[in-house]
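Trainee: Quick one, structure.pdb (PDB, C-alpha atoms and all ligand atoms):
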```pdb
ATOM      1  CA  MET A   1      60.749  24.503  56.355
ATOM      2  CA  THR A   2      57.673  26.570  57.245
ATOM      3  CA  ASP A   3      57.842  29.914  55.507
ATOM      4  CA  GLN A   4      55.942  33.056  56.422
ATOM      5  CA  TYR A   5      53.283  32.325  53.817
ATOM      6  CA  ASP A   6      52.525  28.924  55.381
ATOM      7  CA  ILE A   7      52.111  30.753  58.672
ATOM      8  CA  LEU A   8      49.842  33.344  57.082
ATOM      9  CA  ARG A   9      47.713  30.536  55.588
ATOM     10  CA  LYS A  10      47.464  28.949  59.028
ATOM     11  CA  ILE A  11      46.463  32.247  60.650
ATOM     12  CA  ALA A  12      43.914  32.867  57.882
ATOM     13  CA  ARG A  13      42.299  29.482  58.609
ATOM     14  CA  GLY A  14      41.795  30.680  62.192
ATOM     15  CA  GLU A  15      44.409  28.292  63.650
ATOM     16  CA  ALA A  16      46.393  29.358  66.696
ATOM     17  CA  ILE A  17      50.122  30.077  66.299
ATOM     18  CA  SER A  18      52.631  30.348  69.120
ATOM     19  CA  ASP A  19      53.172  33.794  70.606
ATOM     20  CA  SER A  20      56.752  34.369  69.431
ATOM     21  CA  LYS A  21      58.581  37.559  68.430
ATOM     22  CA  PHE A  22      58.682  36.371  64.807
ATOM     23  CA  HIS A  23      54.922  35.714  64.705
ATOM     24  CA  ARG A  24      54.126  39.038  66.365
ATOM     25  CA  ARG A  25      56.268  40.836  63.772
ATOM     26  CA  LEU A  26      54.460  38.982  60.968
ATOM     27  CA  VAL A  27      50.948  39.759  62.235
ATOM     28  CA  ASP A  28      51.965  43.400  62.743
ATOM     29  CA  GLU A  29      53.432  43.638  59.264
ATOM     30  CA  PHE A  30      50.282  42.234  57.669
ATOM     31  CA  GLY A  31      47.977  44.242  59.946
ATOM     32  CA  LEU A  32      46.263  41.122  61.300
ATOM     33  CA  GLU A  33      44.090  41.933  64.278
ATOM     34  CA  VAL A  34      44.753  38.757  66.305
ATOM     35  CA  THR A  35      43.541  37.839  69.745
ATOM     36  CA  ILE A  36      46.413  37.180  72.157
ATOM     37  CA  GLY A  37      45.931  34.074  74.323
ATOM     38  CA  ASP A  38      48.119  32.778  77.160
ATOM     39  CA  SER A  39      50.767  31.521  74.776
ATOM     40  CA  ASP A  40      49.282  31.851  71.313
ATOM     41  CA  LEU A  41      47.834  34.225  68.737
ATOM     42  CA  ARG A  42      44.798  33.647  66.548
ATOM     43  CA  LEU A  43      42.296  35.432  64.366
ATOM     44  CA  GLU A  44      38.751  35.445  65.705
ATOM     45  CA  THR A  45      37.307  35.475  62.182
ATOM     46  CA  PRO A  46      39.085  33.314  59.590
ATOM     47  CA  LEU A  47      39.937  34.856  56.209
ATOM     48  CA  GLU A  48      39.163  33.306  52.824
ATOM     49  CA  LEU A  49      42.428  33.642  50.909
ATOM     50  CA  LEU A  50      42.416  33.638  47.113
ATOM     51  CA  ASP A  51      43.026  30.258  45.521
ATOM     52  CA  PRO A  52      44.326  30.200  41.921
ATOM     53  CA  ASP A  53      43.046  26.674  41.157
ATOM     54  CA  ARG A  54      39.569  27.448  42.434
ATOM     55  CA  LEU A  55      39.509  30.734  40.518
ATOM     56  CA  MET A  56      40.460  29.086  37.232
ATOM     57  CA  LYS A  57      37.618  26.594  37.700
ATOM     58  CA  LEU A  58      35.116  29.367  38.441
ATOM     59  CA  ILE A  59      36.041  31.810  35.661
ATOM     60  CA  LYS A  60      33.736  31.197  32.683
ATOM     61  CA  PRO A  61      35.419  29.690  29.572
ATOM     62  CA  ALA A  62      34.626  32.748  27.394
ATOM     63  CA  ALA A  63      36.586  34.908  29.832
ATOM     64  CA  GLN A  64      39.383  32.354  30.321
ATOM     65  CA  SER A  65      40.061  32.485  26.614
ATOM     66  CA  GLN A  66      40.684  36.266  26.964
ATOM     67  CA  LEU A  67      43.228  35.901  29.786
ATOM     68  CA  SER A  68      46.973  35.781  29.159
ATOM     69  CA  ARG A  69      47.675  35.038  32.828
ATOM     70  CA  LEU A  70      46.271  35.377  36.340
ATOM     71  CA  ASP A  71      48.530  36.034  39.337
ATOM     72  CA  ILE A  72      47.784  36.352  43.023
ATOM     73  CA  HIS A  73      50.372  38.306  45.019
ATOM     74  CA  TRP A  74      50.609  38.240  48.779
ATOM     75  CA  THR A  75      51.435  41.911  48.907
ATOM     76  CA  LEU A  76      51.929  44.672  46.365
ATOM     77  CA  ASP A  77      52.115  48.426  46.710
ATOM     78  CA  SER A  78      49.353  48.686  44.107
ATOM     79  CA  THR A  79      48.028  46.161  41.602
ATOM     80  CA  ASN A  80      47.476  49.028  39.125
ATOM     81  CA  ARG A  81      51.102  50.138  39.475
ATOM     82  CA  TYR A  82      52.285  46.541  38.984
ATOM     83  CA  VAL A  83      50.300  46.074  35.761
ATOM     84  CA  LEU A  84      51.319  49.543  34.473
ATOM     85  CA  ASP A  85      54.928  48.367  34.754
ATOM     86  CA  LEU A  86      54.116  45.371  32.543
ATOM     87  CA  ALA A  87      52.916  47.606  29.710
ATOM     88  CA  THR A  88      55.500  46.336  27.260
ATOM     89  CA  SER A  89      55.201  42.665  28.236
ATOM     90  CA  ALA A  90      53.717  40.208  25.729
ATOM     91  CA  GLU A  91      51.330  39.128  28.505
ATOM     92  CA  PHE A  92      49.984  42.618  29.179
ATOM     93  CA  HIS A  93      46.715  42.167  27.300
ATOM     94  CA  GLY A  94      44.478  39.924  29.370
ATOM     95  CA  TYR A  95      46.711  39.942  32.465
ATOM     96  CA  ALA A  96      44.674  39.687  35.687
ATOM     97  CA  CYS A  97      46.588  40.748  38.790
ATOM     98  CA  LEU A  98      45.282  40.271  42.319
ATOM     99  CA  ALA A  99      46.831  41.016  45.687
ATOM    100  CA  GLU A 100      45.914  39.882  49.182
ATOM    101  CA  ARG A 101      46.839  43.373  50.341
ATOM    102  CA  GLN A 102      48.127  46.669  48.932
ATOM    103  CA  THR A 103      50.471  48.927  50.851
ATOM    104  CA  SER A 104      49.831  51.991  48.618
ATOM    105  CA  GLY A 105      46.492  51.264  46.968
ATOM    106  CA  ARG A 106      45.559  54.058  44.594
ATOM    107  CA  GLY A 107      42.169  55.737  44.418
ATOM    108  CA  ARG A 108      40.855  58.386  42.060
ATOM    109  CA  ARG A 109      42.059  61.968  42.370
ATOM    110  CA  GLY A 110      45.242  60.980  44.212
ATOM    111  CA  ARG A 111      43.439  59.357  47.128
ATOM    112  CA  ASN A 112      44.717  56.310  49.000
ATOM    113  CA  TRP A 113      42.675  53.076  48.696
ATOM    114  CA  VAL A 114      42.530  51.255  52.032
ATOM    115  CA  SER A 115      43.620  47.663  51.296
ATOM    116  CA  PRO A 116      43.919  45.394  54.363
ATOM    117  CA  PHE A 117      45.127  41.807  54.063
ATOM    118  CA  GLY A 118      42.847  38.967  52.991
ATOM    119  CA  LYS A 119      39.523  40.769  53.311
ATOM    120  CA  ASN A 120      38.626  42.769  50.221
ATOM    121  CA  ILE A 121      39.269  42.560  46.489
ATOM    122  CA  TYR A 122      42.100  44.343  44.711
ATOM    123  CA  LEU A 123      42.104  43.465  41.021
ATOM    124  CA  SER A 124      43.818  45.066  38.032
ATOM    125  CA  MET A 125      43.562  43.913  34.455
ATOM    126  CA  GLY A 126      45.808  44.898  31.549
ATOM    127  CA  TRP A 127      43.912  45.465  28.311
ATOM    128  CA  SER A 128      44.759  46.818  24.851
ATOM    129  CA  LEU A 129      42.130  48.601  22.809
ATOM    130  CA  PRO A 130      42.437  49.930  19.255
ATOM    131  CA  ALA A 131      44.075  53.396  19.374
ATOM    132  CA  ASP A 132      41.108  54.975  17.584
ATOM    133  CA  GLN A 133      38.558  53.488  20.021
ATOM    134  CA  PRO A 134      36.964  56.344  22.013
ATOM    135  CA  LEU A 135      37.367  55.756  25.750
ATOM    136  CA  ASP A 136      34.232  57.701  26.697
ATOM    137  CA  GLY A 137      32.140  55.681  29.076
ATOM    138  CA  LEU A 138      34.754  52.955  29.595
ATOM    139  CA  SER A 139      34.890  53.283  33.378
ATOM    140  CA  LEU A 140      31.075  53.464  33.527
ATOM    141  CA  ALA A 141      30.891  50.281  31.443
ATOM    142  CA  ILE A 142      33.214  48.606  33.961
ATOM    143  CA  GLY A 143      30.884  49.783  36.743
ATOM    144  CA  THR A 144      28.014  47.857  35.148
ATOM    145  CA  CYS A 145      30.269  44.761  34.901
ATOM    146  CA  VAL A 146      31.100  45.072  38.613
ATOM    147  CA  ALA A 147      27.406  45.420  39.547
ATOM    148  CA  ARG A 148      26.547  42.359  37.431
ATOM    149  CA  ALA A 149      29.376  40.345  39.027
ATOM    150  CA  ILE A 150      28.196  41.211  42.552
ATOM    151  CA  ALA A 151      24.571  40.332  41.691
ATOM    152  CA  SER A 152      25.705  36.989  40.226
ATOM    153  CA  VAL A 153      27.249  35.748  43.496
ATOM    154  CA  SER A 154      25.075  37.432  46.151
ATOM    155  CA  GLN A 155      21.664  38.900  46.846
ATOM    156  CA  VAL A 156      23.250  42.336  46.987
ATOM    157  CA  LYS A 157      22.084  44.993  44.516
ATOM    158  CA  VAL A 158      24.470  47.911  44.303
ATOM    159  CA  ASN A 159      23.925  51.305  42.703
ATOM    160  CA  LEU A 160      26.390  53.349  40.704
ATOM    161  CA  LYS A 161      27.462  56.893  41.384
ATOM    162  CA  TRP A 162      28.803  58.787  38.390
ATOM    163  CA  PRO A 163      31.358  58.247  37.094
ATOM    164  CA  ASN A 164      32.235  54.918  38.655
ATOM    165  CA  ASP A 165      31.669  54.475  42.369
ATOM    166  CA  VAL A 166      29.916  51.325  43.527
ATOM    167  CA  LEU A 167      27.396  52.260  46.228
ATOM    168  CA  LEU A 168      25.582  50.184  48.782
ATOM    169  CA  ASN A 169      23.265  51.736  51.390
ATOM    170  CA  ASN A 170      24.573  55.186  50.373
ATOM    171  CA  GLY A 171      28.183  54.258  51.229
ATOM    172  CA  LYS A 172      31.021  53.521  48.823
ATOM    173  CA  ALA A 173      31.596  49.762  48.577
ATOM    174  CA  GLY A 174      33.855  49.828  45.541
ATOM    175  CA  GLY A 175      35.746  51.976  43.088
ATOM    176  CA  ILE A 176      37.269  51.766  39.640
ATOM    177  CA  LEU A 177      40.510  53.372  38.507
ATOM    178  CA  VAL A 178      41.359  53.240  34.800
ATOM    179  CA  GLU A 179      44.928  54.298  33.959
ATOM    180  CA  ILE A 180      46.650  54.571  30.587
ATOM    181  CA  ALA A 181      49.771  52.426  30.360
ATOM    182  CA  GLY A 182      50.908  53.718  26.974
ATOM    183  CA  GLY A 183      50.388  52.509  23.474
ATOM    184  CA  SER A 184      51.507  52.504  19.871
ATOM    185  CA  ALA A 185      50.117  53.713  16.544
ATOM    186  CA  ASN A 186      47.532  50.927  16.641
ATOM    187  CA  THR A 187      46.782  50.222  20.275
ATOM    188  CA  ARG A 188      46.213  51.943  23.576
ATOM    189  CA  ARG A 189      47.104  49.971  26.703
ATOM    190  CA  LEU A 190      44.904  50.432  29.724
ATOM    191  CA  VAL A 191      44.959  49.213  33.283
ATOM    192  CA  ILE A 192      41.523  48.634  34.750
ATOM    193  CA  GLY A 193      41.694  48.615  38.560
ATOM    194  CA  VAL A 194      38.784  47.525  40.725
ATOM    195  CA  GLY A 195      38.596  47.582  44.507
ATOM    196  CA  ILE A 196      35.605  46.111  46.368
ATOM    197  CA  ASN A 197      35.170  46.309  50.138
ATOM    198  CA  LEU A 198      33.948  43.082  51.709
ATOM    199  CA  SER A 199      35.021  43.695  55.290
ATOM    200  CA  LEU A 200      36.650  46.649  57.042
ATOM    201  CA  SER A 201      37.442  46.887  60.742
ATOM    202  CA  SER A 202      37.048  50.232  62.473
ATOM    203  CA  SER A 203      40.807  50.690  62.361
ATOM    204  CA  ASP A 204      40.893  49.863  58.610
ATOM    205  CA  ALA A 205      38.150  52.403  57.991
ATOM    206  CA  GLY A 206      39.653  55.094  60.224
ATOM    207  CA  SER A 207      41.338  56.874  57.321
ATOM    208  CA  ILE A 208      38.401  56.717  54.879
ATOM    209  CA  ASP A 209      37.074  60.249  54.534
ATOM    210  CA  GLN A 210      33.683  59.489  52.952
ATOM    211  CA  PRO A 211      30.689  57.252  53.746
ATOM    212  CA  TRP A 212      31.717  53.639  53.076
ATOM    213  CA  SER A 213      30.064  50.256  53.062
ATOM    214  CA  VAL A 214      30.916  46.593  52.486
ATOM    215  CA  VAL A 215      29.402  43.809  50.393
ATOM    216  CA  GLU A 216      28.915  41.210  53.125
ATOM    217  CA  ASN A 217      28.572  37.424  53.117
ATOM    218  CA  VAL A 218      30.187  36.836  49.768
ATOM    219  CA  SER A 219      32.969  34.407  48.865
ATOM    220  CA  ARG A 220      36.083  36.310  47.767
ATOM    221  CA  ASN A 221      37.006  33.592  45.267
ATOM    222  CA  GLU A 222      33.515  33.506  43.762
ATOM    223  CA  LEU A 223      33.375  37.282  43.474
ATOM    224  CA  VAL A 224      36.856  37.545  41.923
ATOM    225  CA  ALA A 225      35.925  34.883  39.356
ATOM    226  CA  ALA A 226      32.678  36.726  38.566
ATOM    227  CA  LEU A 227      34.548  40.043  38.242
ATOM    228  CA  VAL A 228      37.197  38.603  35.921
ATOM    229  CA  THR A 229      34.450  36.930  33.867
ATOM    230  CA  GLU A 230      32.267  40.047  33.575
ATOM    231  CA  ILE A 231      35.111  42.523  33.050
ATOM    232  CA  SER A 232      36.897  40.445  30.373
ATOM    233  CA  THR A 233      33.725  39.837  28.400
ATOM    234  CA  GLY A 234      32.620  43.448  28.997
ATOM    235  CA  LEU A 235      35.929  44.807  27.672
ATOM    236  CA  ASP A 236      35.612  42.622  24.613
ATOM    237  CA  ASP A 237      32.118  44.049  23.974
ATOM    238  CA  PHE A 238      33.339  47.599  24.633
ATOM    239  CA  SER A 239      36.171  47.206  22.127
ATOM    240  CA  GLN A 240      33.670  46.266  19.442
ATOM    241  CA  LEU A 241      30.600  48.324  20.309
ATOM    242  CA  GLY A 242      31.728  51.147  22.621
ATOM    243  CA  PHE A 243      29.568  52.401  25.510
ATOM    244  CA  GLU A 244      26.151  52.035  23.848
ATOM    245  CA  PRO A 245      25.355  48.456  25.038
ATOM    246  CA  PHE A 246      26.183  49.441  28.639
ATOM    247  CA  ARG A 247      24.223  52.697  28.758
ATOM    248  CA  GLY A 248      20.824  51.228  29.717
ATOM    249  CA  ALA A 249      22.336  49.077  32.481
ATOM    250  CA  TRP A 250      24.189  52.089  33.888
ATOM    251  CA  GLN A 251      21.047  54.255  33.824
ATOM    252  CA  ALA A 252      19.074  51.544  35.637
ATOM    253  CA  LEU A 253      21.630  51.649  38.488
ATOM    254  CA  ASP A 254      22.126  55.448  38.596
ATOM    255  CA  ALA A 255      21.959  56.462  42.274
ATOM    256  CA  HIS A 256      21.418  60.195  41.653
ATOM    257  CA  GLU A 257      19.287  60.853  38.576
ATOM    258  CA  GLY A 258      16.731  63.560  39.398
ATOM    259  CA  GLN A 259      18.538  64.566  42.603
ATOM    260  CA  GLU A 260      20.387  67.732  43.494
ATOM    261  CA  VAL A 261      24.139  67.070  43.330
ATOM    262  CA  SER A 262      27.404  68.989  43.179
ATOM    263  CA  ILE A 263      30.180  68.326  40.710
ATOM    264  CA  VAL A 264      33.515  69.148  42.284
ATOM    265  CA  SER A 265      37.136  69.218  41.213
ATOM    266  CA  ASN A 266      40.164  70.668  42.938
ATOM    267  CA  ASP A 267      39.312  74.176  41.842
ATOM    268  CA  PHE A 268      35.578  74.453  41.192
ATOM    269  CA  ALA A 269      32.151  73.218  42.265
ATOM    270  CA  GLN A 270      28.849  73.314  40.390
ATOM    271  CA  THR A 271      25.483  72.412  41.864
ATOM    272  CA  GLY A 272      22.432  71.327  39.890
ATOM    273  CA  ILE A 273      19.940  68.551  39.264
ATOM    274  CA  SER A 274      21.384  65.395  37.731
ATOM    275  CA  LEU A 275      19.738  64.572  34.406
ATOM    276  CA  GLY A 276      21.685  61.310  34.187
ATOM    277  CA  ILE A 277      24.174  60.409  31.458
ATOM    278  CA  ASN A 278      24.290  61.039  27.720
ATOM    279  CA  GLU A 279      25.294  58.529  25.029
ATOM    280  CA  LEU A 280      28.990  59.026  25.854
ATOM    281  CA  GLY A 281      28.558  58.463  29.582
ATOM    282  CA  ASN A 282      29.005  62.174  30.357
ATOM    283  CA  LEU A 283      26.894  63.616  33.177
ATOM    284  CA  MET A 284      24.213  66.158  32.305
ATOM    285  CA  LEU A 285      23.480  68.692  35.014
ATOM    286  CA  GLU A 286      20.589  71.156  34.991
ATOM    287  CA  THR A 287      21.994  74.350  36.496
ATOM    288  CA  SER A 288      20.684  77.885  36.895
ATOM    289  CA  GLU A 289      22.648  78.708  33.711
ATOM    290  CA  GLY A 290      21.183  75.852  31.665
ATOM    291  CA  VAL A 291      22.227  72.248  31.082
ATOM    292  CA  LYS A 292      25.961  71.615  31.500
ATOM    293  CA  VAL A 293      27.735  68.409  30.483
ATOM    294  CA  PHE A 294      30.659  66.974  32.462
ATOM    295  CA  ASN A 295      33.280  64.486  31.393
ATOM    296  CA  ALA A 296      34.498  62.061  34.077
ATOM    297  CA  GLY A 297      38.137  63.310  33.944
ATOM    298  CA  GLU A 298      39.106  64.749  37.282
ATOM    299  CA  VAL A 299      35.701  65.652  38.672
ATOM    300  CA  SER A 300      33.586  63.928  41.313
ATOM    301  CA  LEU A 301      29.945  64.038  42.265
ATOM    302  CA  ARG A 302      28.649  64.760  45.744
ATOM    303  CA  SER A 303      25.091  64.473  46.991
ATOM    304  CA  ALA A 304      23.991  68.035  47.700
ATOM    305  CA  SER A 305      22.508  66.794  51.002
ATOM    306  CA  ARG A 306      25.981  65.922  52.403
TER     307      ARG A 306
HETATM  308  C1  LIG B   1      38.370  55.072  43.517
HETATM  309  O1  LIG B   1      38.970  55.943  44.134
HETATM  310  O2  LIG B   1      37.142  55.046  43.505
HETATM  311  C2  LIG B   1      39.112  54.008  42.742
HETATM  312  C3  LIG B   1      39.645  52.942  43.635
HETATM  313  C4  LIG B   1      40.366  51.845  42.886
HETATM  314  C5  LIG B   1      41.048  50.892  43.822
HETATM  315  C6  LIG B   1      41.629  49.711  43.081
HETATM  316  S1  LIG B   1      42.158  48.432  44.172
HETATM  317  C7  LIG B   1      42.911  47.600  42.833
HETATM  318  C8  LIG B   1      43.573  48.667  41.975
HETATM  319  N1  LIG B   1      44.894  48.964  42.444
HETATM  320  C9  LIG B   1      44.987  50.200  42.918
HETATM  321  O3  LIG B   1      46.008  50.693  43.417
HETATM  322  N2  LIG B   1      43.812  50.824  42.810
HETATM  323  C10 LIG B   1      42.819  49.990  42.191
END
```
Written as structure tokens, how would this file's structure read?

Mentor:
Amino acid sequence: MTDQYDILRKIARGEAISDSKFHRRLVDEFGLEVTIGDSDLRLETPLELLDPDRLMKLIKPAAQSQLSRLDIHWTLDSTNRYVLDLATSAEFHGYACLAERQTSGRGRRGRNWVSPFGKNIYLSMGWSLPADQPLDGLSLAIGTCVARAIASVSQVKVNLKWPNDVLLNNGKAGGILVEIAGGSANTRRLVIGVGINLSLSSSDAGSIDQPWSVVENVSRNELVAALVTEISTGLDDFSQLGFEPFRGAWQALDAHEGQEVSIVSNDFAQTGISLGINELGNLMLETSEGVKVFNAGEVSLRSASR
């Protein structure tokens, strides 16, 4: 019997399916922008779905040895939420969770993360670090891993916006959301969520309230494998050496050093010149009242020109 996932695979390949009520409901549910023919439906641009066998071949052995498991879900509310719920599972550490779409993707500061089907990357990894390991700079370190992964599978060179936005042509192409899943006397469990935009239609992007961009012409499977490889090996380095080995790479990609920026949170804003990051990954801002240092926490940076 053909199930809905076989049909979704067929649609993703760009094959026509008959124009039935069931198929229309399916394409609506998954937000697929199909062209309607005389008696069939089809996608103009095929989608590259994630393929677990291909991914396992592409992920480098050093990273494979760090993974407890890798799952690809057709649909989840949020890959971060899913991995947070596995906090007490024996497979939590090294669990890589991917979804073809998210219905309630989470962004920083309570924002929604737009997550259409089959186009972008939604990845969360469960990781345990020693409880006494300082977390300063962790999300910045992940940003350098993401930039390295993108550069390894494409010609694209992204920049990083403090603390952890991935920028391309001044628009946000990716974001990182680190959440704490709990812990014990010895370990702290973290969920590292990464979203990368590869393709957004105008209707996908309609609800994005900031400049956005996409990393084009890249294979989803190759980029996921590169991300899992870089993030797993990066987390291993971070657990042993902290932020220091990542600092130079982050500084080299800093989109705003030397520029006038504003640091904003829900209840305050501070403008100044960015002096870049210190050894902990905190942002140093030259203000009219002297140099102030900001911790990533709940603040964001805005270009003063916007
Ligand atoms: C940001 O706002 O910059 C962070 C965005 C993080 C989005 C990713 S997509 C995979 C993972 N699951 C989520 O719900 N969010 C993160």

Trainee: Name all residues at most 12 Å from Ala90 of chain A (count all atoms listed in the file; drop same-chain ones fewer than 6 positions away) and give them as a ChimeraX atom specification.

Mentor: /A:68-69,126-128,189

Trainee: Return as a PyMOL selection string every polymer residue, whether protein, DNA or RNA, with at least one atom no more than 8 Å from an atom of ligand LIG 1 (chain B); count only C-alpha atoms and all ligand atoms.

Mentor: chain A and resi 77-81+98+102+104-109+111-113+115+121-124+164-165+174-177+192-196

Trainee: To verify the selection step, state as a list of chain:residue names which residues the PyMOL selection byres (((chain A and resi 44) around 7) and not hetatm) yields on this input.

Mentor: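 This file gives the following for the PyMOL selection byres (((chain A and resi 44) around 7) and not hetatm): A:Gly14, A:Val34, A:Thr35, A:Arg42, A:Leu43, A:Thr45, A:Pro46.
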
Trainee: Give as a list in words the residues that the PyMOL selection byres (((chain A and resi 303) around 12) and not hetatm) matches when applied to the coordinates above.

Mentor: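 That selection, the PyMOL selection byres (((chain A and resi 303) around 12) and not hetatm), comes back as Lys161, Trp162, Asn170, Gly171, Gln210, Pro211, Ala255, His256, Glu257, Gly258, Gln259, Glu260, Val261, Ser262, Ile263, Val264, Gln270, Thr271, Gly272, Ile273, Ser274, Ser300, Leu301, Arg302, Ala304, Ser305 and Arg306 of chain A.
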
Trainee: Pick the closest to Leu280 of chain A from A:Ile7, A:Val293, A:Cys97, A:Ile231: which is it, counting only C-alpha atoms?

Mentor: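 Using only C-alpha atoms, Leu280 of chain A sits closest to A:Val293.
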
Trainee: From the set A:Asp204, A:Glu216, A:Asp237, A:Glu100, which residue has the shortest atom-to-atom contact distance to Leu49 of chain A, counting all atoms listed in the file?

Mentor: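 With all atoms listed in the file as the atom set, the closest residue is A:Glu100.
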
Trainee: What is the distance, in Å and to one decimal place, between atom CA of Ala269 of chain A and atom CA of Ala205 of chain A?

Mentor: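 Answer for the atom CA of Ala269 of chain A to atom CA of Ala205 of chain A separation: 26.8 Å.
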
Trainee: Between A:Pro163, A:Leu223, A:Ala147, A:Ser184, which one has atoms that come closest to Phe294 of chain A, using all atoms listed in the file?

Mentor: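 Smallest separation from Phe294 of chain A among the options: A:Pro163.
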
Trainee: I'd like the residues picked by the PyMOL selection byres (((chain A and resi 92) around 12) and not hetatm) written out as a PyMOL selection string, using the chain letters and numbers from the file.

Mentor: chain A and resi 66-70+82-91+93-97+124-129+181-183+188-192

Trainee: Within 12 Å of Lys10 of chain A, counting only C-alpha atoms, which residues qualify if same-chain residues fewer than 4 places away don't, as a list in words?

Mentor: Thr2, Asp3, Gln4, Tyr5, Asp6, Gly14, Glu15, Ala16, Ile17, Ser18, His23, Val27, Leu41, Arg42, Leu43, Pro46, Leu47, Glu48 and Leu49 of chain A

Trainee: Rank nothing, just name the residue among A:Asp136, A:Glu230, A:Asp40, A:Asp51 nearest to Glu279 of chain A, using all atoms listed in the file.

Mentor: A:Asp136

Trainee: Excluding same-chain residues fewer than 4 positions from Ser239 of chain A, what lies within 8 Å of it counting all atoms listed in the file, as a PDB file with C-alpha atoms, in the coordinates of the input?

Mentor:
```
ATOM      1  CA  LEU A 129      42.130  48.601  22.809  1.00  0.00           C
ATOM      2  CA  PRO A 130      42.437  49.930  19.255  1.00  0.00           C
ATOM      3  CA  GLN A 133      38.558  53.488  20.021  1.00  0.00           C
ATOM      4  CA  LEU A 235      35.929  44.807  27.672  1.00  0.00           C
TER       5      LEU A 235
END
```

Trainee: Out of A:Gln64, A:His73, A:Gly143, A:Ser154, which residue has the shortest atom-to-atom distance to Glu222 of chain A when counting only C-alpha atoms?

Mentor: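 Going through A:Gln64, A:His73, A:Gly143, A:Ser154 one by one, the smallest distance to Glu222 of chain A is for A:Ser154.
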